[in-house]
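A.B. asks: Following this line is model.txt, made up of compact mmCIF, C-alpha atoms:
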# COMPACT_ATOMS: atom_id res chain seq x y z
CA MET T 15 6.88 25.92 55.61
CA ALA T 16 8.67 27.36 58.67
CA ARG T 17 9.12 24.92 61.52
CA ALA T 18 9.30 25.86 65.20
CA GLN T 19 12.57 24.72 66.72
CA ALA T 20 11.15 22.57 69.49
CA SER T 21 8.65 20.73 67.33
CA VAL T 22 8.65 17.25 65.87
CA ARG T 23 7.56 16.72 62.28
CA VAL T 24 5.71 13.45 61.76
CA LEU T 25 4.67 11.83 58.49
CA GLY T 26 1.60 9.68 59.02
CA VAL T 27 0.81 7.01 56.43
CA ASP T 28 -2.54 5.25 56.10
CA PRO T 29 -1.32 2.43 53.85
CA GLY T 30 -3.24 1.32 50.79
CA LEU T 31 -2.69 0.46 47.15
CA THR T 32 -5.58 2.33 45.58
CA ARG T 33 -5.41 5.26 48.01
CA CYS T 34 -2.49 5.70 50.41
CA GLY T 35 -3.18 8.59 52.79
CA VAL T 36 -0.25 10.83 53.76
CA GLY T 37 -0.29 13.59 56.35
CA VAL T 38 2.55 15.69 57.76
CA VAL T 39 2.18 17.68 60.98
CA ASP T 40 4.48 19.70 63.22
CA VAL T 41 3.77 19.07 66.89
CA ALA T 42 5.22 21.48 69.44
CA ALA T 43 6.34 20.83 73.02
CA ASP T 44 2.99 22.13 74.27
CA ARG T 45 1.31 19.45 72.06
CA SER T 46 -0.18 22.03 69.72
CA ALA T 47 -0.06 20.90 66.11
CA THR T 48 0.19 22.52 62.70
CA LEU T 49 -0.74 21.05 59.34
CA VAL T 50 2.21 20.84 56.95
CA HIS T 51 0.89 18.61 54.18
CA VAL T 52 -1.99 16.29 53.50
CA GLY T 53 -2.76 14.21 50.44
CA VAL T 54 -3.32 10.83 48.92
CA VAL T 55 -0.96 8.77 46.76
CA ARG T 56 -2.95 6.71 44.30
CA SER T 57 -2.34 3.78 41.98
CA ASP T 58 -4.63 2.41 39.32
CA PRO T 59 -6.08 -1.00 40.29
CA GLU T 60 -5.73 -2.07 36.65
CA LEU T 61 -1.93 -1.90 36.83
CA PRO T 62 0.21 -4.93 37.74
CA ILE T 63 1.14 -5.04 41.44
CA GLU T 64 4.84 -4.23 40.84
CA ARG T 65 3.85 -1.03 39.01
CA ARG T 66 1.35 -0.08 41.71
CA LEU T 67 3.94 -0.46 44.47
CA THR T 68 6.43 1.55 42.40
CA LEU T 69 3.92 4.42 42.13
CA ILE T 70 3.15 4.31 45.86
CA ALA T 71 6.88 4.36 46.66
CA ALA T 72 7.50 7.28 44.29
CA GLY T 73 4.67 9.28 45.88
CA LEU T 74 5.89 8.60 49.42
CA ARG T 75 9.49 9.41 48.49
CA ALA T 76 8.36 12.76 47.07
CA VAL T 77 6.57 13.64 50.34
CA ILE T 78 9.62 12.65 52.43
CA ALA T 79 11.96 14.63 50.17
CA GLU T 80 9.79 17.74 50.21
CA HIS T 81 8.74 17.81 53.87
CA ARG T 82 11.65 16.07 55.61
CA PRO T 83 9.81 14.49 58.54
CA HIS T 84 11.71 13.35 61.66
CA VAL T 85 9.73 10.16 61.97
CA VAL T 86 7.24 8.06 59.98
CA ALA T 87 4.12 6.62 61.65
CA VAL T 88 2.29 3.85 59.77
CA GLU T 89 -1.01 2.23 60.59
CA ARG T 90 -0.51 -1.31 61.82
CA VAL T 91 -2.25 -3.82 59.57
CA PHE T 92 -3.84 -6.99 60.93
CA ALA T 93 -4.48 -10.22 59.05
CA GLN T 94 -8.05 -10.26 60.36
CA GLN T 95 -9.01 -6.96 58.68
CA ASN T 96 -11.15 -6.96 55.52
CA ARG T 97 -9.67 -9.98 53.76
CA GLY T 98 -9.77 -8.90 50.13
CA THR T 99 -7.37 -5.99 50.32
CA VAL T 100 -5.38 -6.75 53.46
CA MET T 101 -2.34 -8.17 51.63
CA GLY T 102 -2.07 -5.08 49.41
CA THR T 103 -2.41 -2.90 52.50
CA ALA T 104 0.35 -4.85 54.24
CA GLN T 105 2.58 -4.52 51.17
CA ALA T 106 2.00 -0.75 51.04
CA SER T 107 2.80 -0.49 54.76
CA GLY T 108 6.04 -2.40 54.12
CA ILE T 109 6.95 0.13 51.42
CA ALA T 110 6.32 3.06 53.80
CA LEU T 111 8.46 1.44 56.52
CA LEU T 112 11.21 0.62 54.01
CA LEU T 113 11.36 4.22 52.79
CA ALA T 114 11.61 5.43 56.39
CA GLY T 115 14.51 3.03 56.96
CA GLU T 116 16.25 3.96 53.72
CA SER T 117 15.89 7.67 54.60
CA GLY T 118 17.47 7.04 58.00
CA LEU T 119 14.23 7.94 59.77
CA ALA T 120 12.70 6.20 62.75
CA ALA T 121 9.37 4.52 62.13
CA ALA T 122 6.54 3.31 64.31
CA THR T 123 3.23 1.55 63.84
CA HIS T 124 0.01 2.26 65.70
CA THR T 125 -3.24 0.31 65.65
CA PRO T 126 -6.47 1.99 64.51
CA SER T 127 -7.82 1.92 68.08
CA GLU T 128 -4.66 3.49 69.47
CA VAL T 129 -5.10 6.27 66.95
CA LYS T 130 -8.78 6.76 67.74
CA ALA T 131 -8.10 6.76 71.48
CA ALA T 132 -5.28 9.31 71.12
CA ILE T 133 -7.35 11.65 68.96
CA THR T 134 -10.86 11.37 70.35
CA GLY T 135 -10.27 9.74 73.73
CA TYR T 136 -12.36 6.80 72.56
CA GLY T 137 -10.93 3.68 70.88
CA ASN T 138 -14.17 2.89 69.08
CA ALA T 139 -14.75 6.36 67.66
CA ASP T 140 -16.14 6.38 64.12
CA LYS T 141 -14.34 7.88 61.14
CA ARG T 142 -16.42 11.04 61.25
CA GLN T 143 -15.53 11.74 64.89
CA VAL T 144 -11.82 11.27 64.11
CA GLN T 145 -12.06 13.59 61.10
CA ALA T 146 -13.86 16.26 63.15
CA MET T 147 -11.29 16.10 65.94
CA VAL T 148 -8.36 16.24 63.50
CA ALA T 149 -9.92 19.33 61.91
CA ARG T 150 -10.30 20.98 65.32
CA ILE T 151 -6.78 20.11 66.50
CA LEU T 152 -5.24 21.46 63.29
CA ARG T 153 -7.64 24.47 63.16
CA LEU T 154 -8.90 23.51 59.69
CA ASP T 155 -12.05 25.10 58.28
CA ASP T 156 -13.15 21.86 56.65
CA LEU T 157 -12.82 18.18 57.44
CA PRO T 158 -9.72 16.71 55.82
CA LYS T 159 -10.78 14.52 52.87
CA PRO T 160 -10.75 11.80 51.72
CA ALA T 161 -10.94 9.70 54.90
CA ASP T 162 -7.53 8.15 54.13
CA ALA T 163 -5.93 11.59 54.34
CA ALA T 164 -7.66 12.33 57.65
CA ASP T 165 -6.51 8.96 59.00
CA ALA T 166 -2.94 9.77 58.01
CA LEU T 167 -3.09 13.06 59.93
CA ALA T 168 -4.64 11.30 62.92
CA LEU T 169 -1.81 8.75 62.86
CA ALA T 170 0.81 11.48 62.77
CA LEU T 171 -0.80 13.31 65.72
CA CYS T 172 -1.23 10.06 67.64
CA HIS T 173 2.43 9.24 67.19
CA ALA T 174 3.68 12.62 68.34
CA TRP T 175 1.46 12.58 71.43
CA ARG T 176 2.05 8.97 72.41
CA SER T 177 5.81 9.38 72.14
CA GLY T 178 5.90 12.62 74.11
CA GLY T 179 6.10 15.02 71.16
CA PRO T 180 9.47 16.63 70.44
CA ALA T 181 11.23 14.14 72.70
CA VAL T 182 11.31 11.95 69.58
CA ALA T 183 13.41 14.48 67.72
CA ALA T 184 15.48 15.48 70.75
CA PRO T 185 16.36 12.37 72.74
CA GLY T 186 17.34 13.18 76.32
CA SER T 187 14.64 15.79 76.81
CA ALA T 188 11.27 15.10 78.44
CA GLY T 189 11.36 11.39 77.62
CA LYS T 190 8.89 8.96 76.15
CA GLY T 191 5.36 9.53 77.30
CA ALA T 192 6.31 11.75 80.28
CA LEU T 193 4.16 14.88 80.20
CA THR T 194 5.55 18.24 81.25
CA PRO T 195 3.21 20.41 83.39
CA ALA T 196 2.37 22.40 80.25
CA GLN T 197 1.61 19.23 78.30
CA ARG T 198 -0.57 18.00 81.13
CA ALA T 199 -2.48 21.28 81.15
CA TRP T 200 -2.90 21.05 77.41
CA ALA T 201 -4.06 17.44 77.63
CA GLU T 202 -6.71 18.50 80.14
CA ALA T 203 -7.86 21.39 77.95
CA GLU T 204 -7.99 18.98 75.06
CA ARG T 205 -10.08 16.55 77.06
CA ALA T 206 -12.44 19.37 78.12
CA SER T 207 -12.86 20.47 74.49
CA ARG T 208 -14.34 17.07 73.62
CA ARG T 209 -17.72 17.89 75.21
CA MET G 9 27.80 -17.15 34.44
CA ALA G 10 27.20 -17.66 30.72
CA ARG G 11 23.57 -17.61 29.66
CA ALA G 12 22.15 -19.50 26.71
CA GLN G 13 20.50 -17.15 24.23
CA ALA G 14 17.05 -18.73 24.21
CA SER G 15 16.71 -19.02 27.97
CA VAL G 16 14.79 -17.00 30.50
CA ARG G 17 16.41 -16.03 33.78
CA VAL G 18 14.00 -16.01 36.69
CA LEU G 19 14.57 -14.75 40.21
CA GLY G 20 12.35 -16.59 42.66
CA VAL G 21 11.71 -15.02 46.07
CA ASP G 22 10.30 -16.87 49.07
CA PRO G 23 9.46 -13.78 51.11
CA GLY G 24 10.26 -13.50 54.80
CA LEU G 25 11.77 -11.08 57.28
CA THR G 26 14.06 -13.42 59.20
CA ARG G 27 14.96 -15.51 56.16
CA CYS G 28 14.04 -14.43 52.62
CA GLY G 29 14.91 -17.19 50.14
CA VAL G 30 16.31 -16.16 46.75
CA GLY G 31 16.98 -18.42 43.79
CA VAL G 32 17.99 -17.61 40.23
CA VAL G 33 17.65 -20.13 37.42
CA ASP G 34 18.06 -20.10 33.66
CA VAL G 35 15.35 -22.09 31.90
CA ALA G 36 15.86 -23.03 28.26
CA ALA G 37 13.29 -23.47 25.50
CA ASP G 38 13.38 -27.25 26.07
CA ARG G 39 12.43 -26.53 29.73
CA SER G 40 15.81 -27.69 31.03
CA ALA G 41 17.05 -25.52 33.87
CA THR G 42 20.39 -24.42 35.26
CA LEU G 43 21.17 -23.07 38.72
CA VAL G 44 22.59 -19.55 38.64
CA HIS G 45 22.38 -18.48 42.28
CA VAL G 46 20.75 -19.57 45.50
CA GLY G 47 20.85 -17.98 48.92
CA VAL G 48 19.01 -16.42 51.80
CA VAL G 49 18.77 -12.76 52.76
CA ARG G 50 18.46 -12.44 56.52
CA SER G 51 17.53 -9.76 59.01
CA ASP G 52 17.89 -9.85 62.77
CA PRO G 53 14.49 -10.14 64.51
CA GLU G 54 15.82 -7.79 67.21
CA LEU G 55 16.05 -4.88 64.76
CA PRO G 56 13.20 -2.40 64.24
CA ILE G 57 10.99 -3.28 61.30
CA GLU G 58 12.18 -0.37 59.13
CA ARG G 59 15.79 -1.57 59.50
CA ARG G 60 14.82 -5.17 58.75
CA LEU G 61 13.02 -4.20 55.54
CA THR G 62 15.98 -2.04 54.54
CA LEU G 63 18.31 -5.05 54.91
CA ILE G 64 15.97 -7.31 52.93
CA ALA G 65 15.74 -4.71 50.16
CA ALA G 66 19.52 -4.27 50.04
CA GLY G 67 20.02 -8.04 49.76
CA LEU G 68 17.45 -8.41 46.99
CA ARG G 69 18.86 -5.40 45.11
CA ALA G 70 22.32 -6.98 45.21
CA VAL G 71 20.97 -10.23 43.71
CA ILE G 72 19.12 -8.34 40.95
CA ALA G 73 22.19 -6.22 40.16
CA GLU G 74 24.53 -9.20 40.03
CA HIS G 75 22.36 -11.72 38.19
CA ARG G 76 20.09 -9.48 36.09
CA PRO G 77 16.98 -11.66 35.93
CA HIS G 78 14.32 -11.12 33.25
CA VAL G 79 11.46 -11.58 35.65
CA VAL G 80 10.82 -11.87 39.39
CA ALA G 81 8.49 -14.55 40.79
CA VAL G 82 7.28 -14.10 44.38
CA GLU G 83 5.31 -16.50 46.53
CA ARG G 84 1.75 -15.26 47.01
CA VAL G 85 0.98 -14.64 50.67
CA PHE G 86 -2.47 -15.30 52.14
CA ALA G 87 -3.97 -13.69 55.23
CA GLN G 88 -4.99 -17.13 56.49
CA GLN G 89 -1.41 -18.44 56.69
CA ASN G 90 0.35 -18.74 60.07
CA ARG G 91 -0.94 -15.58 61.73
CA GLY G 92 2.07 -14.43 63.72
CA THR G 93 4.45 -13.72 60.87
CA VAL G 94 2.09 -13.25 57.92
CA MET G 95 2.21 -9.45 57.97
CA GLY G 96 6.02 -9.43 57.90
CA THR G 97 5.92 -11.96 55.08
CA ALA G 98 3.48 -9.77 53.15
CA GLN G 99 5.69 -6.72 53.71
CA ALA G 100 8.76 -8.60 52.45
CA SER G 101 6.80 -9.75 49.38
CA GLY G 102 5.84 -6.11 48.75
CA ILE G 103 9.53 -5.14 48.85
CA ALA G 104 10.42 -7.87 46.32
CA LEU G 105 7.63 -6.75 43.97
CA LEU G 106 8.61 -3.09 44.39
CA LEU G 107 12.24 -3.82 43.48
CA ALA G 108 11.08 -5.71 40.38
CA GLY G 109 8.97 -2.71 39.37
CA GLU G 110 11.75 -0.23 40.07
CA SER G 111 14.17 -2.35 38.02
CA GLY G 112 11.75 -2.38 35.10
CA LEU G 113 11.23 -6.13 35.44
CA ALA G 114 7.97 -8.02 35.15
CA ALA G 115 6.81 -9.75 38.29
CA ALA G 116 4.38 -12.53 39.08
CA THR G 117 3.08 -14.28 42.15
CA HIS G 118 2.35 -17.99 42.51
CA THR G 119 0.63 -19.80 45.34
CA PRO G 120 2.47 -22.54 47.25
CA SER G 121 0.22 -25.20 45.74
CA GLU G 122 0.82 -23.92 42.21
CA VAL G 123 4.54 -24.22 42.90
CA LYS G 124 4.25 -27.72 44.36
CA ALA G 125 2.08 -28.86 41.45
CA ALA G 126 4.49 -27.42 38.87
CA ILE G 127 7.53 -29.03 40.48
CA THR G 128 6.29 -32.38 41.76
CA GLY G 129 3.00 -32.78 39.89
CA TYR G 130 1.23 -32.80 43.24
CA GLY G 131 -0.23 -29.66 44.91
CA ASN G 132 0.04 -31.10 48.41
CA ALA G 133 3.64 -32.31 48.14
CA ASP G 134 5.70 -31.83 51.32
CA LYS G 135 8.75 -29.62 51.54
CA ARG G 136 11.13 -32.58 51.30
CA GLN G 137 9.56 -33.78 48.03
CA VAL G 138 9.86 -30.29 46.55
CA GLN G 139 13.50 -30.03 47.64
CA ALA G 140 14.32 -33.44 46.15
CA MET G 141 12.67 -32.58 42.82
CA VAL G 142 14.40 -29.19 42.65
CA ALA G 143 17.75 -30.91 43.23
CA ARG G 144 17.00 -33.42 40.47
CA ILE G 145 15.81 -30.79 37.98
CA LEU G 146 18.89 -28.63 38.59
CA ARG G 147 21.23 -31.64 38.74
CA LEU G 148 22.45 -30.72 42.24
CA ASP G 149 24.40 -33.22 44.32
CA ASP G 150 22.72 -32.09 47.53
CA LEU G 151 19.32 -30.75 48.47
CA PRO G 152 19.27 -26.97 48.35
CA LYS G 153 19.20 -25.64 51.94
CA PRO G 154 17.70 -24.02 53.90
CA ALA G 155 14.13 -24.80 52.85
CA ASP G 156 13.53 -21.12 52.05
CA ALA G 157 16.26 -21.26 49.40
CA ALA G 158 14.78 -24.44 47.89
CA ASP G 159 11.35 -22.81 47.83
CA ALA G 160 12.77 -19.81 46.00
CA LEU G 161 14.27 -22.09 43.32
CA ALA G 162 10.99 -23.99 43.05
CA LEU G 163 9.15 -20.70 42.55
CA ALA G 164 11.54 -19.61 39.82
CA LEU G 165 11.17 -22.97 38.00
CA CYS G 166 7.40 -22.90 38.43
CA HIS G 167 7.22 -19.44 36.93
CA ALA G 168 9.32 -20.29 33.89
CA TRP G 169 7.32 -23.45 33.17
CA ARG G 170 3.89 -21.99 33.78
CA SER G 171 4.60 -19.01 31.56
CA GLY G 172 6.03 -21.09 28.73
CA GLY G 173 9.72 -20.53 29.48
CA PRO G 174 11.65 -18.17 27.20
CA ALA G 175 8.41 -16.79 25.78
CA VAL G 176 8.54 -14.40 28.75
CA ALA G 177 11.84 -12.95 27.64
CA ALA G 178 11.09 -13.11 23.93
CA PRO G 179 7.48 -12.10 23.32
CA GLY G 180 6.22 -13.24 19.95
CA SER G 181 7.89 -16.64 20.16
CA ALA G 182 6.13 -19.80 21.36
CA GLY G 183 3.56 -17.87 23.39
CA LYS G 184 2.24 -18.21 26.91
CA GLY G 185 1.75 -21.80 27.97
CA ALA G 186 1.88 -23.22 24.43
CA LEU G 187 4.33 -26.12 24.39
CA THR G 188 6.55 -26.80 21.40
CA PRO G 189 6.89 -30.49 20.41
CA ALA G 190 10.28 -30.53 22.18
CA GLN G 191 8.78 -29.02 25.33
CA ARG G 192 5.98 -31.56 25.24
CA ALA G 193 8.49 -34.40 24.94
CA TRP G 194 10.45 -32.93 27.82
CA ALA G 195 7.32 -32.52 29.92
CA GLU G 196 6.53 -36.19 29.34
CA ALA G 197 10.05 -37.27 30.26
CA GLU G 198 9.78 -35.11 33.33
CA ARG G 199 6.51 -36.71 34.29
CA ALA G 200 7.99 -40.18 33.77
CA SER G 201 10.98 -39.32 35.97
CA ARG G 202 8.63 -38.74 38.93
CA ARG G 203 8.03 -42.49 39.40
Let me see whether you can do it: turn the structure in this file into structure tokens.
C.D. replies:
Amino acid sequence: MARAQASVRVLGVDPGLTRCGVGVVDVAADRSATLVHVGVVRSDPELPIERRLTLIAAGLRAVIAEHRPHVVAVERVFAQQNRGTVMGTAQASGIALLLAGESGLAAATHTPSEVKAAITGYGNADKRQVQAMVARILRLDDLPKPADAADALALALCHAWRSGGPAVAAPGSAGKGALTPAQRAWAEAERASRR
Amino acid sequence: MARAQASVRVLGVDPGLTRCGVGVVDVAADRSATLVHVGVVRSDPELPIERRLTLIAAGLRAVIAEHRPHVVAVERVFAQQNRGTVMGTAQASGIALLLAGESGLAAATHTPSEVKAAITGYGNADKRQVQAMVARILRLDDLPKPADAADALALALCHAWRSGGPAVAAPGSAGKGALTPAQRAWAEAERASRR
């Protein structure tokens, strides 16, 4: 897919062993965003852990190779979260960060509430609100599904906006978090669009 | 290093980001064990996480390439363990399991108390007791150091013994956990040697 020159391409990863959400977006200097890719990398829970992680890594590598993101944003995993699967989630997040490092890409982690706040303006937004806002931002006709895929897109958008968009790809321009007048106008329009 | 035909070579990994212990042992059918390699893969805590994981992966890959283990045993990480570093530990364990999978090796995880019980006969043994027993089993003049390296050796020994030694490398022989008369004699001698 064609890529505007002054945009940053972000791969968002919602880590998981059974379903690992992946979403790639291009975010322009004016903070507008375009969907590049969305999907889910899966591994069968019946397989041994080393095979599952190998499948997750292969799926993520394929997305990186095909879409060549500038940066990888991964959801930050906390020990407190739903006990049963948290270690597998942490392992999958480690794989995503490793592949970023091995591809020479920068990586960042964001907490679920940072993502919700960036996308909906509200850190306690529910999954449905995040999905609806992601669909609106990316001008999608339907909600991105499954939820893991929507979360991955939300992460990618969150990262681009929090880090000042294309400044990530072009260090020395606007700078981290500093909004240009156009970005500020867009942020206000965005806020207004949230009812 | 020469390798006896009927032995299994196990790489034990005590996962960590700052220090990741690695130990390789050959364990024979009579459960006697020989040290092949012991060391620690390190990464600077000042580096971004994606660089740290890349360094850990490179170090583990080098050990696998040089010593060609049959199987990789990794300490099982629990969410409850020391909160601050547990996510990094889980990520490092995911990297070790991934590299096993990508090298076509089997992998297994063992809990710290399984390891302590296998090595010292006592699931609540302290680190010093485990180190001393590892040194005795491997006929080392000094305690293996740092503790992460000793833990990695203990893991490797634990795995070989729990899975019936060379049965792992040669399916169809003695079978999982079934002790031959010689192994049983050795196990008794081992037990006697623990005072």
A.B. asks: Residues of chain T within 7 Å of chain G, counting all atoms listed in the file, what are they? List them as a list in words.
C.D. replies: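 Matching residues, ligands excluded from the count: Glu64, Arg65, Leu67, Thr68, Ala93, Arg97, Met101, Ala104, Gln105, Ala106, Ser107, Gly108, Ile109, Leu111, Leu112, Ala114, Gly115, Glu116 and Ala121 of chain T.
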A.B. asks: Name the closest residue to Arg23 (chain T) among the candidates T:Ala174, T:Met147, T:Val129, T:Leu154; distances are taken between atoms, counting all atoms listed in the file.
C.D. replies: T:Ala174
A.B. asks: Using CA of Val142 (chain G) and CA of Ala158 (chain G) as the two end points, give the distance in Å to one decimal.
C.D. replies: 7.1 Å
A.B. asks: Please determine, counting only C-alpha atoms, which residue among T:Ala42, T:Ala139, T:Ile151, T:Ala166 has the shortest atom-to-atom distance to Leu25 (chain T).
C.D. replies: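 Counting only C-alpha atoms, the residue closest to Leu25 (chain T) is T:Ala166.
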A.B. asks: So, counting only C-alpha atoms, which residue among G:Val138, G:Cys28, G:Val48, G:Val16 is closest to Glu83 (chain G)?
C.D. replies: G:Cys28
A.B. asks: Which of these, T:Leu157, T:Arg33, T:Ser127, T:Ala132, has the shortest distance to Pro59 (chain T) once you count only C-alpha atoms?
C.D. replies: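 When distances to Pro59 (chain T) are compared using only C-alpha atoms, the smallest one comes from T:Arg33.
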A.B. asks: May I ask which of the residues T:Gly37, T:Val77, T:Ala149, T:Asp140 is the closest one to Val50 (chain T), counting all atoms listed in the file?
C.D. replies: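 Between T:Gly37, T:Val77, T:Ala149, T:Asp140, the residue approaching Val50 (chain T) most closely is T:Gly37.
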A.B. asks: How far is it from CA of Lys135 (chain G) to CA of Thr26 (chain G), in Å with one decimal?
C.D. replies: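 Pair CA of Lys135 (chain G) / CA of Thr26 (chain G) returns 18.7 Å.
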A.B. asks: If you measure from CA of Ala170 (chain T) to CA of Val24 (chain T), what distance in Å do you get, rounded to one decimal?
C.D. replies: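 These atoms are spaced 5.4 Å apart.
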A.B. asks: Counting all atoms listed in the file, what is within 12 Å of Ala131 (chain T), bar same-chain residues fewer than 3 positions away, as a ChimeraX atom specification?
C.D. replies: /T:124-128,134-140,143-144,147,168-169,171-173,175-176,205
